[in-house]
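Source file: data-v5.pdb (PDB, C-alpha atoms)
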```
ATOM      1  CA  MET T 462     -24.900  21.559  10.617
ATOM      2  CA  PRO T 463     -21.532  20.142   9.557
ATOM      3  CA  ARG T 464     -18.621  20.235  11.947
ATOM      4  CA  ILE T 465     -14.941  19.985  11.139
ATOM      5  CA  VAL T 466     -13.505  16.585  12.001
ATOM      6  CA  GLY T 467     -10.647  17.174  14.446
ATOM      7  CA  ILE T 468      -7.593  15.356  15.722
ATOM      8  CA  SER T 469      -9.450  13.521  18.499
ATOM      9  CA  PHE T 470     -11.594  11.784  15.853
ATOM     10  CA  PHE T 471      -8.476  10.507  14.055
ATOM     11  CA  ASN T 472      -6.526   9.646  17.205
ATOM     12  CA  ARG T 473      -8.271   6.276  17.465
ATOM     13  CA  PRO T 474      -7.762   2.816  15.943
ATOM     14  CA  PRO T 475      -7.830   2.822  12.130
ATOM     15  CA  LEU T 476     -10.730   0.365  11.826
ATOM     16  CA  THR T 477     -12.906   2.584  14.023
ATOM     17  CA  VAL T 478     -11.932   5.722  12.128
ATOM     18  CA  ALA T 479     -12.430   4.012   8.760
ATOM     19  CA  GLU T 480     -15.985   2.949   9.499
ATOM     20  CA  GLU T 481     -16.922   6.320  10.978
ATOM     21  CA  LEU T 482     -15.486   8.242   8.004
ATOM     22  CA  LEU T 483     -18.305   6.852   5.867
ATOM     23  CA  GLY T 484     -20.816   9.648   5.397
ATOM     24  CA  CYS T 485     -18.282  12.334   6.282
ATOM     25  CA  PHE T 486     -17.459  14.926   3.656
ATOM     26  CA  LEU T 487     -14.028  15.313   2.116
ATOM     27  CA  CYS T 488     -13.661  19.053   1.574
ATOM     28  CA  ARG T 489     -11.228  20.769  -0.768
ATOM     29  CA  ARG T 490     -10.806  24.479  -1.353
ATOM     30  CA  ILE T 491      -9.900  25.141  -4.977
ATOM     31  CA  GLY T 492      -9.546  28.868  -5.548
ATOM     32  CA  ARG T 493     -12.622  30.470  -3.983
ATOM     33  CA  LYS T 494     -14.754  27.362  -4.334
ATOM     34  CA  VAL T 495     -15.146  24.583  -1.743
ATOM     35  CA  VAL T 496     -15.901  21.125  -3.111
ATOM     36  CA  ARG T 497     -17.602  18.749  -0.613
ATOM     37  CA  LEU T 498     -17.771  15.048  -1.490
ATOM     38  CA  GLU T 499     -19.470  12.411   0.678
ATOM     39  CA  ILE T 500     -17.108   9.541   1.535
ATOM     40  CA  THR T 501     -18.506   6.108   0.629
ATOM     41  CA  GLU T 502     -15.450   3.838   0.492
ATOM     42  CA  VAL T 503     -12.297   3.565   2.623
ATOM     43  CA  GLU T 504      -9.628   1.040   3.625
ATOM     44  CA  ALA T 505      -7.800   0.756   6.945
ATOM     45  CA  TYR T 506      -4.086  -0.048   7.321
ATOM     46  CA  ASP T 507      -3.283  -1.044  10.873
ATOM     47  CA  GLY T 508       0.260  -0.876  12.114
ATOM     48  CA  PRO T 509       3.638  -2.470  11.483
ATOM     49  CA  TYR T 510       2.367  -6.070  11.422
ATOM     50  CA  ASP T 511      -0.210  -5.419   8.685
ATOM     51  CA  LYS T 512       1.608  -6.823   5.647
ATOM     52  CA  ALA T 513      -0.581  -4.746   3.300
ATOM     53  CA  SER T 514       0.597  -1.530   4.983
ATOM     54  CA  HIS T 515       3.473   0.590   3.705
ATOM     55  CA  ALA T 516       4.753   0.586   7.295
ATOM     56  CA  HIS T 517       5.190  -3.189   7.384
ATOM     57  CA  ARG T 518       8.904  -3.022   6.609
ATOM     58  CA  GLY T 519       9.634  -0.080   8.884
ATOM     59  CA  LYS T 520       9.851   3.666   8.620
ATOM     60  CA  THR T 521      11.064   5.186   5.347
ATOM     61  CA  ALA T 522      11.101   8.666   3.853
ATOM     62  CA  ARG T 523       7.953   7.770   1.892
ATOM     63  CA  ASN T 524       5.852   6.362   4.749
ATOM     64  CA  ALA T 525       7.161   8.628   7.559
ATOM     65  CA  PRO T 526       3.831  10.521   7.802
ATOM     66  CA  MET T 527       2.137   7.272   8.930
ATOM     67  CA  PHE T 528       4.287   7.356  12.084
ATOM     68  CA  GLY T 529       3.311  10.958  12.854
ATOM     69  CA  GLU T 530       0.411  12.805  14.389
ATOM     70  CA  ALA T 531      -3.151  11.663  13.785
ATOM     71  CA  GLY T 532      -5.198  13.906  11.510
ATOM     72  CA  ARG T 533      -2.414  14.557   9.017
ATOM     73  CA  TRP T 534      -2.428  13.535   5.379
ATOM     74  CA  TYR T 535      -0.254  10.754   4.017
ATOM     75  CA  ILE T 536      -0.135  11.118   0.244
ATOM     76  CA  TYR T 537       1.955   8.962  -2.031
ATOM     77  CA  PHE T 538       2.388   8.370  -5.758
ATOM     78  CA  THR T 539       1.708   4.929  -7.190
ATOM     79  CA  TYR T 540       1.857   3.158 -10.548
ATOM     80  CA  GLY T 541       3.693   6.201 -11.911
ATOM     81  CA  MET T 542       0.400   8.034 -12.356
ATOM     82  CA  HIS T 543      -1.882   8.246  -9.292
ATOM     83  CA  TRP T 544      -1.787  10.104  -5.978
ATOM     84  CA  MET T 545      -3.329   8.194  -3.055
ATOM     85  CA  LEU T 546      -4.977  10.112  -0.210
ATOM     86  CA  ASN T 547      -4.695   8.691   3.319
ATOM     87  CA  ILE T 548      -5.431  10.163   6.722
ATOM     88  CA  VAL T 549      -3.132   9.158   9.607
ATOM     89  CA  THR T 550      -4.844   7.584  12.624
ATOM     90  CA  GLY T 551      -3.942   6.471  16.121
ATOM     91  CA  PRO T 552      -1.114   7.513  18.420
ATOM     92  CA  ARG T 553       2.135   9.057  17.195
ATOM     93  CA  GLY T 554       4.700   6.344  16.490
ATOM     94  CA  TYR T 555       2.091   3.684  15.615
ATOM     95  CA  PRO T 556       1.897   3.624  11.811
ATOM     96  CA  ALA T 557      -1.750   3.501  10.779
ATOM     97  CA  ALA T 558      -3.850   5.260   8.180
ATOM     98  CA  VAL T 559      -7.091   5.135   6.245
ATOM     99  CA  LEU T 560      -7.084   5.311   2.445
ATOM    100  CA  ILE T 561      -9.954   7.346   0.981
ATOM    101  CA  ARG T 562     -11.069   5.164  -1.960
ATOM    102  CA  GLY T 563     -14.232   6.869  -3.127
ATOM    103  CA  THR T 564     -17.127   9.247  -2.671
ATOM    104  CA  LYS T 565     -20.710   9.387  -3.937
ATOM    105  CA  GLU T 566     -19.461  11.571  -6.763
ATOM    106  CA  VAL T 567     -16.122   9.924  -7.637
ATOM    107  CA  SER T 568     -15.115   6.255  -7.472
ATOM    108  CA  GLY T 569     -11.511   5.147  -7.303
ATOM    109  CA  PRO T 570      -8.732   6.719  -5.242
ATOM    110  CA  GLY T 571      -6.729   7.889  -8.274
ATOM    111  CA  ARG T 572      -9.743   9.535  -9.910
ATOM    112  CA  LEU T 573     -10.623  11.182  -6.593
ATOM    113  CA  THR T 574      -7.253  12.875  -6.130
ATOM    114  CA  LYS T 575      -7.206  13.933  -9.776
ATOM    115  CA  PHE T 576     -10.710  15.433  -9.501
ATOM    116  CA  LEU T 577      -9.771  17.340  -6.326
ATOM    117  CA  LYS T 578      -6.295  18.337  -7.569
ATOM    118  CA  ILE T 579      -4.592  16.620  -4.638
ATOM    119  CA  ASP T 580      -0.890  15.821  -4.840
ATOM    120  CA  ARG T 581       2.232  15.757  -2.666
ATOM    121  CA  ARG T 582       1.711  19.395  -1.593
ATOM    122  CA  PHE T 583      -0.703  18.127   1.063
ATOM    123  CA  ASN T 584       1.537  15.336   2.380
ATOM    124  CA  THR T 585       2.066  15.709   6.173
ATOM    125  CA  LYS T 586      -0.300  18.697   6.429
ATOM    126  CA  LYS T 587      -3.152  18.753   8.929
ATOM    127  CA  ALA T 588      -6.645  17.963   7.738
ATOM    128  CA  HIS T 589      -7.936  21.473   8.348
ATOM    129  CA  PRO T 590      -9.572  24.294   6.347
ATOM    130  CA  LYS T 591      -6.375  26.365   6.699
ATOM    131  CA  THR T 592      -4.525  23.797   4.545
ATOM    132  CA  GLY T 593      -7.319  23.639   1.965
ATOM    133  CA  LEU T 594      -8.117  19.955   2.567
ATOM    134  CA  TRP T 595     -10.234  18.730   5.483
ATOM    135  CA  MET T 596     -13.212  16.623   6.524
ATOM    136  CA  GLU T 597     -16.610  17.536   7.898
ATOM    137  CA  GLN T 598     -19.208  15.381   9.612
ATOM    138  CA  GLU T 599     -22.959  15.949   9.560
ATOM    139  CA  ARG T 600     -24.249  12.493  10.418
ATOM    140  CA  ARG T 601     -23.112   8.911  10.866
ATOM    141  CA  VAL T 602     -23.936   6.117   8.486
ATOM    142  CA  SER T 603     -25.844   3.314  10.206
ATOM    143  CA  LYS T 604     -23.758   0.160  10.678
ATOM    144  CA  LYS T 605     -26.553  -1.716   8.875
ATOM    145  CA  LEU T 606     -25.646   0.200   5.721
ATOM    146  CA  VAL T 607     -21.915  -0.606   5.903
ATOM    147  CA  LEU T 608     -20.417  -3.491   3.979
ATOM    148  CA  ARG T 609     -17.011  -4.828   5.115
ATOM    149  CA  THR T 610     -14.864  -6.596   2.539
ATOM    150  CA  PRO T 611     -11.204  -7.428   1.932
ATOM    151  CA  ARG T 612      -9.035  -4.566   0.710
ATOM    152  CA  VAL T 613      -8.434  -4.068  -3.000
ATOM    153  CA  GLY T 614      -5.130  -4.907  -4.696
ATOM    154  CA  VAL T 615      -3.209  -6.277  -1.710
ATOM    155  CA  ALA T 616      -2.747  -9.938  -2.696
ATOM    156  CA  TYR T 617       1.026  -9.423  -2.189
ATOM    157  CA  ALA T 618       0.336  -9.312   1.571
ATOM    158  CA  GLY T 619      -0.549 -13.023   1.598
ATOM    159  CA  PRO T 620      -3.885 -14.689   2.255
ATOM    160  CA  PHE T 621      -4.115 -13.771   5.938
ATOM    161  CA  TRP T 622      -3.696 -10.006   5.455
ATOM    162  CA  SER T 623      -5.236  -9.671   2.005
ATOM    163  CA  GLN T 624      -8.490 -11.265   3.165
ATOM    164  CA  LYS T 625      -8.972  -9.164   6.308
ATOM    165  CA  PRO T 626     -12.223  -7.169   6.048
ATOM    166  CA  HIS T 627     -10.523  -3.781   6.341
ATOM    167  CA  ARG T 628     -12.433  -2.148   3.465
ATOM    168  CA  PHE T 629     -15.626  -0.302   4.388
ATOM    169  CA  VAL T 630     -18.229   0.626   1.786
ATOM    170  CA  VAL T 631     -21.654   2.244   2.017
ATOM    171  CA  ARG T 632     -24.030  -0.320   0.486
ATOM    172  CA  SER T 633     -25.442   0.520  -2.949
ATOM    173  CA  GLY T 634     -28.686   2.437  -2.733
ATOM    174  CA  ALA T 635     -27.998   3.505   0.870
ATOM    175  CA  SER T 636     -27.779   7.124   1.885
TER
END
```

When written as structure tokens, how does the structure in this file appear?
Amino acid sequence: MPRIVGISFFNRPPLTVAEELLGCFLCRRIGRKVVRLEITEVEAYDGPYDKASHAHRGKTARNAPMFGEAGRWYIYFTYGMHWMLNIVTGPRGYPAAVLIRGTKEVSGPGRLTKFLKIDRRFNTKKAHPKTGLWMEQERRVSKKLVLRTPRVGVAYAGPFWSQKPHRFVVRSGAS
């Protein structure tokens, strides 16, 4: 039986949350229909020293949600065409989040938000059925089935930060 993932789940370090989000379902109410997609790929962004994080240079209007309450969405526009879906983690004031990169059904963070019709309307809102966008957990993916790799597209952060294994992926063929 699935259960709604609550604030206490997200109010932990981003690497822990990232790994445990694998196998959870990203749920989106569109009209009267609820779409449930199983999360298979995420990336963690851990605090103000993480040079790949939007929070690295301090708080701005764009990244302010990262400094807020765990369990809220941080959604931003990139490359002039894609919305990126992140969930805020950790304690208020410590800027950390997990980017949802893909599901069993949809690969790529831009394709995912397009498929689920996610845009800035959800920015700063709680991950909860009342907002129309939330997560549910039925089971945990075994650590043996999780592959850790460097994050995608963060070479600008330099070799130290771009090579950190902060991307978590369910291995191909695993379920």

Once the PyMOL selection byres ((chain T and resi 622) around 10) is applied to the coordinates I shared, what remains selected? I want it as a list of chain:residue names.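 Output from the PyMOL selection byres ((chain T and resi 622) around 10), applied to this file: T:Tyr510, T:Asp511, T:Lys512, T:Ala513, T:Ser514, T:Pro611, T:Arg612, T:Val615, T:Ala616, T:Tyr617, T:Ala618, T:Gly619, T:Pro620, T:Phe621, T:Ser623, T:Gln624, T:Lys625, T:Pro626, T:His627.
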
Selection in question (the file shown): the PyMOL selection byres ((chain T and resi 519-534) around 6). Which residues does it include, as a PyMOL selection string? chain T and resi 468+471-472+516-518+535+547-551+553-557+584-588

Atom CA of T:Val630 to atom CA of T:Leu560 measures 12.1 Å

Do you know which residues the PyMOL selection byres ((chain T and resi 571) around 7) returns on this file, as a ChimeraX atom specification? /T:543-545,569-570,572-575

Just how far from atom CA of T:Leu487 is atom CA of T:Pro475, in Å to one decimal? 17.2 Å

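If you look at atom CA of T:Leu577 and atom CA of T:Arg497, they are 9.8 Å away from each other.
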
Show me as a ChimeraX atom specification the residues that reach within 7 Å of (3.8, 13.6, -4.5), counting all atoms listed in the file and using the file's own coordinates. /T:536-538,544,580-582
